[in-house]
>>> print(open('work_28.cif').read())   # mmCIF, C-alpha atoms
data_query
loop_
_atom_site.label_atom_id
_atom_site.label_comp_id
_atom_site.auth_asym_id
_atom_site.auth_seq_id
_atom_site.Cartn_x
_atom_site.Cartn_y
_atom_site.Cartn_z
CA MET A 1390 89.18 73.77 -75.77
CA LEU A 1391 90.21 74.11 -79.41
CA GLN A 1392 90.20 71.25 -81.81
CA THR A 1393 93.68 70.01 -82.73
CA ASP A 1394 93.34 70.91 -86.39
CA SER A 1395 92.67 74.58 -85.55
CA GLU A 1396 95.21 75.02 -82.74
CA PHE A 1397 98.53 76.79 -83.11
CA THR A 1398 100.61 74.31 -81.12
CA LYS A 1399 103.93 74.44 -79.32
CA ALA A 1400 105.40 72.27 -82.08
CA ARG A 1401 104.31 74.86 -84.65
CA TRP A 1402 105.95 77.62 -82.58
CA VAL A 1403 109.21 75.64 -82.36
CA CYS A 1404 109.11 74.98 -86.11
CA THR A 1405 108.78 78.73 -86.68
CA LEU A 1406 111.88 79.31 -84.57
CA ILE A 1407 113.79 76.62 -86.48
CA GLY A 1408 112.71 78.18 -89.77
CA LEU A 1409 114.11 81.52 -88.63
CA GLY A 1410 117.40 79.81 -87.81
CA PHE A 1411 117.63 78.20 -91.25
CA TYR A 1412 116.83 81.54 -92.89
CA LEU A 1413 119.57 83.33 -90.94
CA VAL A 1414 122.17 80.65 -91.66
CA ASP A 1415 121.35 80.69 -95.37
CA ILE A 1416 121.67 84.48 -95.66
CA VAL A 1417 124.78 84.80 -93.48
CA THR A 1418 126.69 82.03 -95.29
CA ASP A 1419 125.78 83.48 -98.71
CA VAL A 1420 126.98 86.95 -97.74
CA GLY A 1421 130.13 85.49 -96.18
CA LEU A 1422 130.86 83.52 -99.34
CA ALA A 1423 130.39 86.64 -101.48
CA VAL A 1424 132.90 88.49 -99.29
CA LYS A 1425 135.38 85.61 -99.60
CA TYR A 1426 135.06 85.57 -103.39
CA PHE A 1427 135.65 89.33 -103.44
CA LEU A 1428 138.75 89.11 -101.27
CA ASN A 1429 140.14 86.33 -103.48
CA GLY A 1430 139.64 88.38 -106.63
CA HIS A 1431 136.63 86.47 -108.02
CA LEU A 1432 134.57 89.60 -108.59
CA VAL A 1433 131.99 88.05 -110.94
CA TRP A 1434 131.29 85.17 -108.57
CA ALA A 1435 131.06 87.60 -105.65
CA GLY A 1436 128.70 89.87 -107.55
CA LEU A 1437 126.38 87.04 -108.64
CA THR A 1438 126.35 85.47 -105.16
CA LEU A 1439 125.40 88.79 -103.58
CA LEU A 1440 122.96 89.64 -106.39
CA PHE A 1441 120.77 86.62 -105.66
CA VAL A 1442 120.68 87.57 -101.96
CA VAL A 1443 119.60 91.12 -102.82
CA ILE A 1444 116.96 90.02 -105.35
CA GLY A 1445 115.40 87.50 -103.00
CA SER A 1446 115.38 89.86 -100.04
CA THR A 1447 114.06 92.85 -101.99
CA ALA A 1448 111.19 90.94 -103.57
CA THR A 1449 110.05 89.52 -100.23
CA GLN A 1450 110.24 92.96 -98.60
CA VAL A 1451 108.01 94.40 -101.34
CA PHE A 1452 105.36 91.74 -100.82
CA SER A 1453 105.64 91.92 -97.04
CA TYR A 1454 105.06 95.67 -96.99
CA SER A 1455 102.22 95.38 -99.48
CA TRP A 1456 100.45 92.82 -97.27
CA TYR A 1457 100.94 94.97 -94.18
CA ARG A 1458 99.47 97.92 -96.09
CA ASP A 1459 96.50 95.82 -97.21
CA ASP A 1460 95.90 94.80 -93.59
CA THR A 1461 95.75 98.43 -92.45
CA ARG A 1462 92.98 99.04 -95.01
CA ASN A 1463 90.98 95.96 -94.06
CA PRO A 1464 88.29 96.68 -91.43
CA LEU A 1465 88.11 93.00 -90.46
CA VAL A 1466 91.83 92.92 -89.64
CA ASN A 1467 92.11 96.51 -88.42
CA PRO A 1468 88.63 97.32 -87.05
CA GLY A 1469 89.83 100.45 -85.26
CA GLY A 1470 90.95 102.02 -88.52
CA ASP A 1471 93.93 103.58 -86.72
CA ARG A 1472 96.31 102.76 -89.59
CA LEU A 1473 98.47 100.74 -87.23
CA ILE A 1474 99.46 97.10 -87.65
CA SER A 1475 101.37 95.45 -84.80
CA GLY A 1476 101.89 98.92 -83.32
CA MET A 1477 103.58 100.31 -86.45
CA ASN A 1478 102.40 103.14 -88.69
CA ARG A 1479 103.10 103.44 -92.41
CA GLY A 1480 106.38 105.30 -91.95
CA GLY A 1481 107.69 102.70 -89.55
CA LEU A 1482 106.71 99.88 -91.87
CA ILE A 1483 108.44 101.52 -94.84
CA GLY A 1484 111.61 102.09 -92.79
CA LEU A 1485 111.75 98.49 -91.59
CA HIS A 1486 111.27 97.08 -95.08
CA VAL A 1487 113.78 99.46 -96.66
CA MET A 1488 116.31 98.15 -94.12
CA GLN A 1489 115.35 94.60 -95.20
CA MET A 1490 113.86 93.86 -91.76
CA GLY A 1491 110.31 93.09 -92.84
CA ILE A 1492 110.70 89.31 -92.62
CA PHE A 1493 112.36 89.54 -89.20
CA THR A 1494 109.56 91.82 -88.01
CA ARG A 1495 107.01 89.21 -89.03
CA TYR A 1496 109.01 86.50 -87.27
CA TYR A 1497 109.21 88.63 -84.12
CA HIS A 1498 105.47 89.30 -83.93
CA LEU A 1499 104.53 85.69 -84.74
CA LEU A 1500 106.92 84.27 -82.14
CA LYS A 1501 105.86 86.85 -79.53
CA THR A 1502 102.12 86.35 -80.05
CA GLY A 1503 102.51 82.61 -80.43
CA TYR A 1504 104.49 82.37 -77.21
CA ARG A 1505 101.71 84.10 -75.30
CA ALA A 1506 99.13 81.76 -76.82
CA VAL A 1507 100.86 78.39 -76.36
CA TRP A 1508 103.50 78.79 -73.63
CA SER A 1509 102.15 81.42 -71.22
CA LYS A 1510 100.33 80.09 -68.16
CA SER A 1511 98.40 83.27 -67.38
CA PRO A 1512 94.63 82.82 -66.97
CA GLU A 1513 93.77 84.93 -69.99
CA THR A 1514 95.93 82.78 -72.33
CA VAL A 1515 95.17 79.30 -71.03
CA ASP A 1516 92.09 79.01 -73.22
CA CYS A 1517 92.76 81.24 -76.20
CA SER A 1518 89.91 81.83 -78.60
CA ARG A 1519 89.73 80.11 -81.95
CA GLU A 1520 90.15 83.51 -83.64
CA VAL A 1521 93.53 84.00 -81.96
CA HIS A 1522 94.85 80.68 -83.26
CA LEU A 1523 93.46 81.32 -86.73
CA ALA A 1524 95.15 84.72 -86.75
CA LEU A 1525 98.43 83.02 -85.78
CA PHE A 1526 98.02 80.59 -88.67
CA GLY A 1527 97.38 83.56 -90.95
CA GLN A 1528 100.66 85.16 -89.85
CA ALA A 1529 102.51 81.84 -90.24
CA THR A 1530 101.05 81.37 -93.71
CA ASP A 1531 102.17 84.83 -94.83
CA LEU A 1532 105.66 84.04 -93.57
CA SER A 1533 105.74 80.67 -95.33
CA MET A 1534 104.73 82.29 -98.62
CA LEU A 1535 107.41 84.97 -98.30
CA LYS A 1536 109.99 82.30 -97.49
CA LEU A 1537 108.89 80.38 -100.57
CA PHE A 1538 109.46 83.46 -102.74
CA GLU A 1539 112.88 83.95 -101.17
CA THR A 1540 113.74 80.29 -101.68
CA PHE A 1541 113.20 80.32 -105.44
CA LEU A 1542 114.70 83.76 -105.94
CA GLU A 1543 117.78 83.21 -103.75
CA SER A 1544 118.41 79.69 -102.44
CA VAL A 1545 117.68 77.77 -105.65
CA PRO A 1546 119.66 80.09 -108.00
CA GLN A 1547 122.43 80.23 -105.39
CA LEU A 1548 122.70 76.44 -105.35
CA LEU A 1549 122.83 76.41 -109.16
CA LEU A 1550 125.56 79.08 -109.20
CA GLN A 1551 127.74 77.33 -106.63
CA LEU A 1552 127.39 74.01 -108.47
CA CYS A 1553 128.57 75.68 -111.68
CA ILE A 1554 131.58 77.15 -109.85
CA LEU A 1555 132.35 73.82 -108.18
CA LEU A 1556 131.92 71.54 -111.21
CA GLY A 1557 132.88 73.89 -114.02
CA HIS A 1558 135.84 75.66 -112.42
CA GLY A 1559 136.97 73.16 -109.80
CA HIS A 1560 136.83 75.81 -107.09
CA LYS A 1561 135.69 74.49 -103.73
CA SER A 1562 135.94 75.59 -100.13
CA ILE A 1563 134.43 74.70 -96.78
CA LEU A 1564 132.33 77.88 -96.75
CA GLN A 1565 131.06 77.13 -100.25
CA CYS A 1566 129.97 73.64 -99.16
CA ILE A 1567 128.26 75.08 -96.07
CA CYS A 1568 126.50 77.59 -98.30
CA MET A 1569 125.27 74.85 -100.64
CA VAL A 1570 124.08 72.65 -97.76
CA GLY A 1571 122.36 75.66 -96.19
CA SER A 1572 120.57 76.44 -99.45
CA PHE A 1573 119.49 72.82 -99.82
CA ILE A 1574 118.12 72.64 -96.26
CA ASN A 1575 116.37 75.99 -96.71
CA ILE A 1576 114.71 74.71 -99.89
CA ALA A 1577 113.48 71.55 -98.18
CA TRP A 1578 112.19 73.38 -95.12
CA ALA A 1579 110.45 76.16 -97.08
CA ILE A 1580 108.66 73.71 -99.37
CA VAL A 1581 107.27 71.48 -96.63
CA ASP A 1582 106.48 74.41 -94.31
CA TYR A 1583 104.59 76.22 -97.06
CA ARG A 1584 102.66 73.11 -98.03
CA ARG A 1585 101.59 72.35 -94.47
CA CYS A 1586 100.68 75.99 -93.71
CA LEU A 1587 98.71 76.12 -96.94
CA ARG A 1588 96.55 73.13 -96.14
CA ARG A 1589 96.13 74.19 -92.49
CA SER A 1590 94.98 77.70 -93.49
CA LEU A 1591 92.28 76.68 -95.97
CA PRO A 1592 89.21 75.29 -94.20
CA GLN A 1593 87.87 73.35 -97.19
CA VAL A 1594 91.21 71.61 -97.82
CA GLN A 1595 92.20 68.66 -95.65
CA GLU A 1596 95.43 69.07 -93.68
CA MET A 1597 98.55 67.36 -94.98
CA PRO A 1598 99.19 64.32 -92.74
CA SER A 1599 102.57 63.62 -91.18
CA GLY A 1600 104.48 60.43 -91.91
CA LEU A 1601 104.52 58.88 -95.38
CA PRO A 1602 102.53 61.62 -97.18
CA THR A 1603 104.94 64.31 -95.99
CA PHE A 1604 107.93 62.06 -96.73
CA PHE A 1605 106.82 61.28 -100.30
CA TYR A 1606 105.96 64.90 -100.97
CA LEU A 1607 109.31 66.12 -99.65
CA MET A 1608 111.23 63.49 -101.65
CA TYR A 1609 109.25 64.27 -104.80
CA LYS A 1610 110.04 67.97 -104.56
CA LEU A 1611 113.64 67.65 -103.42
CA LEU A 1612 114.56 65.00 -106.00
CA THR A 1613 112.91 66.75 -108.94
CA ILE A 1614 114.28 70.19 -108.03
CA SER A 1615 117.81 69.04 -107.13
CA THR A 1616 118.22 66.86 -110.24
CA HIS A 1617 116.93 69.70 -112.40
CA ILE A 1618 119.47 72.06 -110.84
CA LEU A 1619 122.25 69.52 -111.51
CA SER A 1620 121.16 69.13 -115.13
CA LEU A 1621 120.97 72.89 -115.67
CA SER A 1622 124.44 73.26 -114.15
CA LEU A 1623 125.76 70.86 -116.82
CA PHE A 1624 124.13 72.96 -119.52
CA LEU A 1625 125.83 76.07 -118.12
CA ILE A 1626 129.18 74.24 -117.97
CA LEU A 1627 128.68 73.27 -121.60
CA SER A 1628 128.00 76.87 -122.61
CA LEU A 1629 127.11 80.04 -120.75
CA TYR A 1630 124.68 80.74 -123.58
CA SER A 1631 122.50 78.09 -121.94
CA ALA A 1632 121.46 80.92 -119.62
CA LEU A 1633 119.54 82.31 -122.60
CA GLY A 1634 117.61 79.05 -122.77
CA MET A 1635 116.77 79.40 -119.07
CA ALA A 1636 115.64 82.96 -119.77
CA VAL A 1637 113.31 81.62 -122.46
CA LEU A 1638 111.86 79.13 -119.95
CA TRP A 1639 111.37 81.96 -117.46
CA LEU A 1640 109.63 84.08 -120.10
CA ALA A 1641 107.37 81.17 -121.06
CA GLY A 1642 106.38 80.65 -117.41
CA THR A 1643 105.73 84.37 -116.95
CA LEU A 1644 103.58 84.53 -120.08
CA TRP A 1645 101.65 81.46 -118.91
CA ALA A 1646 100.92 83.21 -115.61
CA HIS A 1647 99.62 86.19 -117.63
CA TRP A 1648 97.56 83.89 -119.84
CA VAL A 1649 95.78 82.17 -116.94
CA HIS A 1650 95.07 85.60 -115.36
CA THR A 1651 96.48 85.07 -111.87
CA ASP A 1652 94.80 87.25 -109.24
CA PHE A 1653 97.24 87.00 -106.37
CA CYS A 1654 97.75 90.71 -105.67
CA THR A 1655 95.59 93.76 -105.01
CA SER A 1656 97.43 95.99 -107.51
CA LYS A 1657 98.33 95.49 -111.17
CA SER A 1658 101.99 96.42 -110.72
CA LEU A 1659 102.43 93.94 -107.87
CA GLU A 1660 100.59 91.29 -109.89
CA ARG A 1661 103.13 91.72 -112.69
CA LEU A 1662 105.96 91.24 -110.20
CA TYR A 1663 104.24 88.14 -108.87
CA ARG A 1664 103.95 86.71 -112.39
CA THR A 1665 107.66 87.22 -113.00
CA ILE A 1666 108.32 85.24 -109.81
CA VAL A 1667 105.96 82.53 -111.08
CA GLY A 1668 108.17 82.33 -114.17
CA VAL A 1669 111.25 81.80 -112.01
CA VAL A 1670 109.57 79.07 -109.95
CA LEU A 1671 108.39 77.26 -113.08
CA VAL A 1672 111.96 77.00 -114.31
CA PHE A 1673 112.64 74.64 -111.41
CA THR A 1674 109.33 73.04 -110.40
CA PHE A 1675 105.63 72.91 -111.19
CA PHE A 1676 102.89 74.50 -109.15
CA ASN A 1677 99.26 75.39 -109.65
CA VAL A 1678 98.77 79.15 -109.55
CA LYS A 1679 95.00 79.13 -110.07
CA GLY A 1680 93.83 76.47 -107.64
CA GLN A 1681 92.39 74.29 -110.40
CA ASP A 1682 92.79 70.72 -111.57
CA THR A 1683 96.11 70.73 -113.46
CA ARG A 1684 96.84 67.05 -114.01
CA TRP A 1685 97.48 67.47 -117.73
CA PRO A 1686 99.64 70.63 -117.47
CA MET A 1687 101.61 68.90 -114.70
CA ALA A 1688 102.06 65.79 -116.84
CA VAL A 1689 103.31 67.84 -119.79
CA TYR A 1690 105.62 69.83 -117.53
CA TYR A 1691 107.29 66.76 -116.04
CA VAL A 1692 107.66 65.03 -119.41
CA LEU A 1693 109.60 68.08 -120.62
CA TYR A 1694 111.44 68.18 -117.29
CA ALA A 1695 112.60 64.56 -117.75
CA LEU A 1696 113.77 65.29 -121.32
CA VAL A 1697 115.81 68.29 -120.12
CA ASN A 1698 117.34 66.27 -117.29
CA LEU A 1699 118.33 63.38 -119.52
CA SER A 1700 119.68 65.59 -122.30
CA GLY A 1701 122.05 67.54 -120.00
CA PRO A 1702 124.67 64.79 -119.47
CA LEU A 1703 124.20 63.45 -123.02
CA LEU A 1704 124.85 66.80 -124.69
CA LEU A 1705 127.84 67.48 -122.45
CA VAL A 1706 129.56 64.19 -123.34
CA LEU A 1707 128.72 64.58 -127.06
CA VAL A 1708 129.96 68.16 -127.38
CA ARG A 1709 132.81 67.80 -124.89
CA PRO A 1710 133.97 64.16 -124.87
CA GLU A 1711 136.75 65.04 -122.44
CA ALA A 1712 134.10 65.77 -119.79
CA GLU A 1713 133.55 62.02 -119.42
CA SER A 1714 136.97 61.70 -117.82
CA THR A 1715 136.33 64.31 -115.15
CA GLU A 1716 135.77 63.15 -111.59
CA TYR A 1717 132.30 64.67 -111.38
CA PHE A 1718 130.69 63.49 -114.64
CA TRP A 1719 129.58 59.96 -113.76
CA PRO A 1720 128.51 60.67 -110.16
CA VAL A 1721 126.46 63.68 -111.31
CA THR A 1722 125.00 61.73 -114.25
CA LEU A 1723 123.94 58.86 -112.00
CA LEU A 1724 122.43 61.32 -109.53
CA ILE A 1725 120.47 63.02 -112.32
CA PHE A 1726 119.17 59.79 -113.88
CA GLY A 1727 118.44 58.02 -110.59
CA GLY A 1728 117.02 61.11 -108.89
CA THR A 1729 114.74 61.86 -111.84
CA VAL A 1730 113.26 58.36 -111.79
CA LEU A 1731 112.86 58.32 -108.00
CA GLY A 1732 111.44 61.85 -107.94
CA LEU A 1733 108.79 61.05 -110.53
CA ALA A 1734 108.00 57.79 -108.71
CA CYS A 1735 107.46 59.72 -105.46
CA LEU A 1736 105.26 62.19 -107.36
CA LEU A 1737 103.05 59.35 -108.60
CA LEU A 1738 102.92 57.72 -105.17
CA TYR A 1739 102.02 60.95 -103.46
CA TYR A 1740 99.21 61.98 -105.82
CA THR A 1741 97.74 58.49 -106.28
CA VAL A 1742 98.06 57.09 -102.74
CA CYS A 1743 98.97 59.73 -100.16
CA HIS A 1744 97.38 62.97 -101.37
CA PRO A 1745 94.89 64.36 -98.79
CA ARG A 1746 91.63 65.01 -100.60
CA GLY A 1747 89.53 68.06 -99.87
CA LYS A 1748 86.33 67.82 -97.89
CA SER A 1749 84.05 68.87 -100.73
CA LEU A 1750 86.23 70.01 -103.61
CA GLU A 1751 88.66 68.43 -106.02
CA ALA A 1752 92.21 67.99 -104.79
CA ASP A 1753 93.56 71.03 -106.62
CA GLU A 1754 90.48 73.24 -106.42
CA VAL A 1755 89.94 76.11 -104.02
CA ASP A 1756 87.01 78.45 -103.58
CA GLY A 1757 88.47 81.82 -102.69
CA HIS A 1758 85.29 82.96 -100.95
CA MET A 1759 85.16 80.22 -98.37
CA GLY A 1760 86.44 80.41 -94.81
CA GLN A 1761 85.72 84.05 -94.18
CA GLU A 1762 86.31 83.62 -90.46
CA ARG A 1763 90.03 83.50 -91.23
CA GLU A 1764 92.10 86.52 -91.98
CA PRO A 1765 90.58 87.63 -95.32
CA ASP A 1766 93.68 88.86 -97.16
CA THR A 1767 95.63 85.75 -96.23
CA MET A 1768 92.76 83.57 -97.42
CA LEU A 1769 92.65 85.31 -100.79
CA ARG A 1770 96.38 85.00 -101.19
CA MET A 1771 96.31 81.31 -100.35
CA SER A 1772 93.40 80.56 -102.69
CA SER A 1773 95.33 82.24 -105.50
CA PHE A 1774 98.58 80.38 -104.84
CA LEU A 1775 97.42 76.91 -104.07
CA GLN A 1776 99.36 73.98 -105.38
CA LEU A 1777 103.13 73.89 -105.16
#
>>> encode(input="work_28.cif", output="structure tokens")
Amino acid sequence: MLQTDSEFTKARWVCTLIGLGFYLVDIVTDVGLAVKYFLNGHLVWAGLTLLFVVIGSTATQVFSYSWYRDDTRNPLVNPGGDRLISGMNRGGLIGLHVMQMGIFTRYYHLLKTGYRAVWSKSPETVDCSREVHLALFGQATDLSMLKLFETFLESVPQLLLQLCILLGHGHKSILQCICMVGSFINIAWAIVDYRRCLRRSLPQVQEMPSGLPTFFYLMYKLLTISTHILSLSLFLILSLYSALGMAVLWLAGTLWAHWVHTDFCTSKSLERLYRTIVGVVLVFTFFNVKGQDTRWPMAVYYVLYALVNLSGPLLLVLVRPEAESTEYFWPVTLLIFGGTVLGLACLLLYYTVCHPRGKSLEADEVDGHMGQEREPDTMLRMSSFLQL
């Protein structure tokens, strides 16, 4: 029998199915809201809402196809050299990804293969080999990474946009609220799912325990990201030129990714795209792109983060004193201040008390050459994109 820490369980299969449901709800509600804005004559809102959906989906399709293509060229993944992955040739893969079906294809194959491994009672699947379960974790890890890209390119900007429309223009609807809740849930699920898949897929990194460690990590990420989105929405309400400031933050994050020489992708052009996505993620949260000890960069990042969060409400009330009398100002301000403090407190608790330490390496360090029995391309991707 397999050890628990290397087994793709029924719970993991169910979580994959739930993740697919959240993904579908998030996309469908966003598209529906864009259509509603268009029918009501809000063309700019409709365009921006749909634009984030297209950007997020397109970027994930590009990476998904690239990883499929890498797998066809890898003799350890495709020993037959028949240029087929999951029964699809290059033309079929291109067609599926052009139609934005790459993510759903990955979900289909993971759920199908996972069902045979954990639910089927046939003699040949009762005692699946360790390699089969590791391959399933490799597929799940690829999916979690793609969902993470989509989250920060679509769900997070979408939540920021809808908050600006709601708070700055007073426009609210049931579908808009559903869209915002869907984005929030998708953010929470993608973050925790990625983190757990990450630690499960790297053999030299201890798995993230359930219970308090997962709770503190989730609260740390949700509170810091959500309060930052609220603060940025106040900046945008104050002036749309604040978007230029966000563009500067994105550029700084992108340049930092260039400076540390990330090596996430197999091609230079795709690496540049990855670094632009790193810049987007760094606008909203910190993560370690090199798998190294980043305590000081993280400390600097969250000091600046706290300053931005606290300055949002203060600048709004100083420049626009009438904003203090609006129904949203004090609730949002209290959420920003309280959430920032609680989020940073959960960060400290997680990394000082609950953080699972590696077996032989530092907490944030990964050796990209270890664990060769796992799917090689997935291992290299994970070792290059370690610490969210």
>>> atom_distance(input="work_28.cif", atom1="atom CA of A:Ile1574", atom2="atom CA of A:Asp1415")
8.7 Å
>>> residues_around(input="work_28.cif", residues="stretch 1403-1406 of chain A", least_positions_apart="5", cutoff="12 Å", atoms="only C-alpha atoms", output="MDAnalysis selection string")
chainID A and resid 1397:1398 1411:1413 1493 1495:1501 1503:1504 1507:1508 1525:1526 1528:1530 1532:1533 1536 1578:1579 1581:1583 1585:1586
>>> atom_distance(input="work_28.cif", atom1="atom CA of A:Val1417", atom2="atom CA of A:Ser1544")
12.1 Å
>>> axis_aligned_box(input="work_28.cif", around="stretch 1726-1730 of chain A", padding_each_side="5 Å", output="JSON")
{"center_x": 116.2, "center_y": 59.9, "center_z": -111.4, "size_x": 15.9, "size_y": 13.8, "size_z": 15.0}
>>> resolve_selection(input="work_28.cif", expression="the PyMOL selection byres ((chain A and resi 1491) around 10)", output="list in words")
Ser1446, Thr1447, Thr1449, Gln1450, Val1451, Phe1452, Ser1453, Tyr1454, Tyr1457, Leu1482, Ile1483, Gly1484, Leu1485, His1486, Val1487, Met1488, Gln1489, Met1490, Ile1492, Phe1493, Thr1494, Arg1495, Tyr1496 and Tyr1497 of chain A
>>> resolve_selection(input="work_28.cif", expression="the PyMOL selection byres ((chain A and resi 1601-1604) around 12)", output="PDB file with C-alpha atoms, keeping the file's coordinate frame")
ATOM      1  CA  ALA A1577     113.480  71.550 -98.180  1.00  0.00           C
ATOM      2  CA  TRP A1578     112.190  73.380 -95.120  1.00  0.00           C
ATOM      3  CA  ILE A1580     108.660  73.710 -99.370  1.00  0.00           C
ATOM      4  CA  VAL A1581     107.270  71.480 -96.630  1.00  0.00           C
ATOM      5  CA  ASP A1582     106.480  74.410 -94.310  1.00  0.00           C
ATOM      6  CA  TYR A1583     104.590  76.220 -97.060  1.00  0.00           C
ATOM      7  CA  ARG A1584     102.660  73.110 -98.030  1.00  0.00           C
ATOM      8  CA  ARG A1585     101.590  72.350 -94.470  1.00  0.00           C
ATOM      9  CA  GLU A1596      95.430  69.070 -93.680  1.00  0.00           C
ATOM     10  CA  MET A1597      98.550  67.360 -94.980  1.00  0.00           C
ATOM     11  CA  PRO A1598      99.190  64.320 -92.740  1.00  0.00           C
ATOM     12  CA  SER A1599     102.570  63.620 -91.180  1.00  0.00           C
ATOM     13  CA  GLY A1600     104.480  60.430 -91.910  1.00  0.00           C
ATOM     14  CA  PHE A1605     106.820  61.280-100.300  1.00  0.00           C
ATOM     15  CA  TYR A1606     105.960  64.900-100.970  1.00  0.00           C
ATOM     16  CA  LEU A1607     109.310  66.120 -99.650  1.00  0.00           C
ATOM     17  CA  MET A1608     111.230  63.490-101.650  1.00  0.00           C
ATOM     18  CA  TYR A1609     109.250  64.270-104.800  1.00  0.00           C
ATOM     19  CA  LYS A1610     110.040  67.970-104.560  1.00  0.00           C
ATOM     20  CA  LEU A1611     113.640  67.650-103.420  1.00  0.00           C
ATOM     21  CA  LEU A1612     114.560  65.000-106.000  1.00  0.00           C
ATOM     22  CA  GLY A1732     111.440  61.850-107.940  1.00  0.00           C
ATOM     23  CA  CYS A1735     107.460  59.720-105.460  1.00  0.00           C
ATOM     24  CA  LEU A1736     105.260  62.190-107.360  1.00  0.00           C
ATOM     25  CA  LEU A1737     103.050  59.350-108.600  1.00  0.00           C
ATOM     26  CA  LEU A1738     102.920  57.720-105.170  1.00  0.00           C
ATOM     27  CA  TYR A1739     102.020  60.950-103.460  1.00  0.00           C
ATOM     28  CA  TYR A1740      99.210  61.980-105.820  1.00  0.00           C
ATOM     29  CA  THR A1741      97.740  58.490-106.280  1.00  0.00           C
ATOM     30  CA  VAL A1742      98.060  57.090-102.740  1.00  0.00           C
ATOM     31  CA  CYS A1743      98.970  59.730-100.160  1.00  0.00           C
ATOM     32  CA  HIS A1744      97.380  62.970-101.370  1.00  0.00           C
ATOM     33  CA  PRO A1745      94.890  64.360 -98.790  1.00  0.00           C
ATOM     34  CA  ARG A1746      91.630  65.010-100.600  1.00  0.00           C
TER      35      ARG A1746
END
>>> resolve_selection(input="work_28.cif", expression="the PyMOL selection byres ((chain A and resi 1553) around 10)", output="PDB file with C-alpha atoms, keeping the file's coordinate frame")
ATOM      1  CA  GLN A1547     122.430  80.230-105.390  1.00  0.00           C
ATOM      2  CA  LEU A1548     122.700  76.440-105.350  1.00  0.00           C
ATOM      3  CA  LEU A1549     122.830  76.410-109.160  1.00  0.00           C
ATOM      4  CA  LEU A1550     125.560  79.080-109.200  1.00  0.00           C
ATOM      5  CA  GLN A1551     127.740  77.330-106.630  1.00  0.00           C
ATOM      6  CA  LEU A1552     127.390  74.010-108.470  1.00  0.00           C
ATOM      7  CA  ILE A1554     131.580  77.150-109.850  1.00  0.00           C
ATOM      8  CA  LEU A1555     132.350  73.820-108.180  1.00  0.00           C
ATOM      9  CA  LEU A1556     131.920  71.540-111.210  1.00  0.00           C
ATOM     10  CA  GLY A1557     132.880  73.890-114.020  1.00  0.00           C
ATOM     11  CA  HIS A1558     135.840  75.660-112.420  1.00  0.00           C
ATOM     12  CA  GLY A1559     136.970  73.160-109.800  1.00  0.00           C
ATOM     13  CA  HIS A1560     136.830  75.810-107.090  1.00  0.00           C
ATOM     14  CA  ILE A1618     119.470  72.060-110.840  1.00  0.00           C
ATOM     15  CA  LEU A1619     122.250  69.520-111.510  1.00  0.00           C
ATOM     16  CA  LEU A1621     120.970  72.890-115.670  1.00  0.00           C
ATOM     17  CA  SER A1622     124.440  73.260-114.150  1.00  0.00           C
ATOM     18  CA  LEU A1623     125.760  70.860-116.820  1.00  0.00           C
ATOM     19  CA  PHE A1624     124.130  72.960-119.520  1.00  0.00           C
ATOM     20  CA  LEU A1625     125.830  76.070-118.120  1.00  0.00           C
ATOM     21  CA  ILE A1626     129.180  74.240-117.970  1.00  0.00           C
TER      22      ILE A1626
END
>>> closest_residue(input="work_28.cif", among="A:Thr1665, A:Asn1677, A:Thr1613, A:Ser1658", to="A:Gly1727", atoms="only C-alpha atoms")
A:Thr1613
